[in-house]
Amino acid sequence: MAAGGFCKLPNGTVVVALNLPSPAADAPAGVRVLVHAQNRARALTRLRNLGLRAVYLRGNTAPPTPDEITAVLHHPDGLIWRAAPAGGGLSVELWHPIRALITRPAAPA
């Protein structure tokens, strides 16, 4: 089960944060994914529609920090990721759009 959490914003929307194993072969071992959506169910549906089928949020053990909330609210897609910091430390890596993590291989010619 992936660690994660959520934060309900004053306008009624939520920001969901999940620590997941990386779906890409050349990506880091773990990633922190942030999703902005109308509710928790829609946030998880957005991830499942991208191919992350076994994504569940149980509990609120690792909610998004205020800096993470600001980052996802300022991104036009509302769906970003970066490598999960080892040992819970601070990460200096910038946030990436989700399409940079989930790349679809080109069809063979």
# chains A, B, ... in the order shown; residues from 1 in each chain; ligands from 1

$ residues_around --residues "stretch 31-37 of chain A" --least-positions-apart "4" --cutoff "8 Å" --atoms "only C-alpha atoms" --output "ChimeraX atom specification"
/A:13-22,42-43,64,68,72-73,78-84

$ write_last_selection --atoms "C-alpha atoms" --output "compact mmCIF listing (two decimals), in the first residue's frame"
# COMPACT_ATOMS: atom_id res chain seq x y z
CA THR A 13 -11.50 20.84 -3.92
CA VAL A 14 -8.80 18.47 -2.67
CA VAL A 15 -5.11 17.91 -3.26
CA VAL A 16 -4.09 14.25 -3.01
CA ALA A 17 -0.45 13.24 -2.51
CA LEU A 18 0.78 9.67 -3.02
CA ASN A 19 4.20 8.04 -2.72
CA LEU A 20 4.28 5.36 -5.41
CA PRO A 21 6.79 3.02 -6.95
CA SER A 22 7.83 4.45 -10.30
CA ARG A 42 -11.84 11.92 -8.96
CA ALA A 43 -8.17 12.41 -8.09
CA PRO A 64 0.66 17.27 1.01
CA GLU A 68 3.29 20.91 -2.55
CA VAL A 72 0.03 21.63 -7.90
CA LEU A 73 -2.38 24.58 -7.83
CA GLY A 78 -3.07 19.88 -11.74
CA LEU A 79 -1.11 16.61 -11.88
CA ILE A 80 2.63 16.64 -11.11
CA TRP A 81 5.38 14.37 -9.76
CA ARG A 82 8.98 14.29 -8.56
CA ALA A 83 11.30 11.69 -7.07
CA ALA A 84 10.30 10.80 -3.52

$ select_by_dssp --residues "stretch 44-79 of chain A" --states "alpha helix (DSSP H)" --output "PyMOL selection string"
chain A and resi 44-49+66-73

$ select_by_dssp --residues "stretch 9-102 of chain A" --states "strand (DSSP E or B)" --output "count of residues only"
23

$ atom_distance --atom1 "atom CA of A:Ala100" --atom2 "atom CA of A:Lys8"
26.6 Å

$ atom_distance --atom1 "atom CA of A:Ala54" --atom2 "atom CA of A:Ala3"
13.1 Å

$ residues_around --residues "A:Arg53" --least-positions-apart "5" --cutoff "12 Å" --atoms "only C-alpha atoms" --output "MDAnalysis selection string"
chainID A and resid 20 23 44:48

$ write_last_selection --atoms "C-alpha atoms" --output "PDB file, in the first residue's frame"
ATOM      1  CA  LEU A  20       4.281   5.359  -5.408  1.00  0.00           C
ATOM      2  CA  PRO A  23       5.876   3.120 -13.305  1.00  0.00           C
ATOM      3  CA  LEU A  44      -7.603   8.652  -7.980  1.00  0.00           C
ATOM      4  CA  THR A  45      -9.625   8.199 -11.178  1.00  0.00           C
ATOM      5  CA  ARG A  46      -7.331  10.654 -12.954  1.00  0.00           C
ATOM      6  CA  LEU A  47      -4.347   8.488 -12.014  1.00  0.00           C
ATOM      7  CA  ARG A  48      -6.095   5.258 -12.971  1.00  0.00           C
TER       8      ARG A  48
END

$ atom_distance --atom1 "atom CA of A:Ala29" --atom2 "atom CA of A:Ala41"
25.8 Å

$ closest_residue --among "A:Glu93, A:Leu101, A:Asn11, A:Phe6" --to "A:Ile69" --atoms "only C-alpha atoms"
A:Phe6

$ closest_residue --among "A:Arg40, A:Gly30, A:Gly12, A:His75" --to "A:Arg58" --atoms "only C-alpha atoms"
A:Arg40
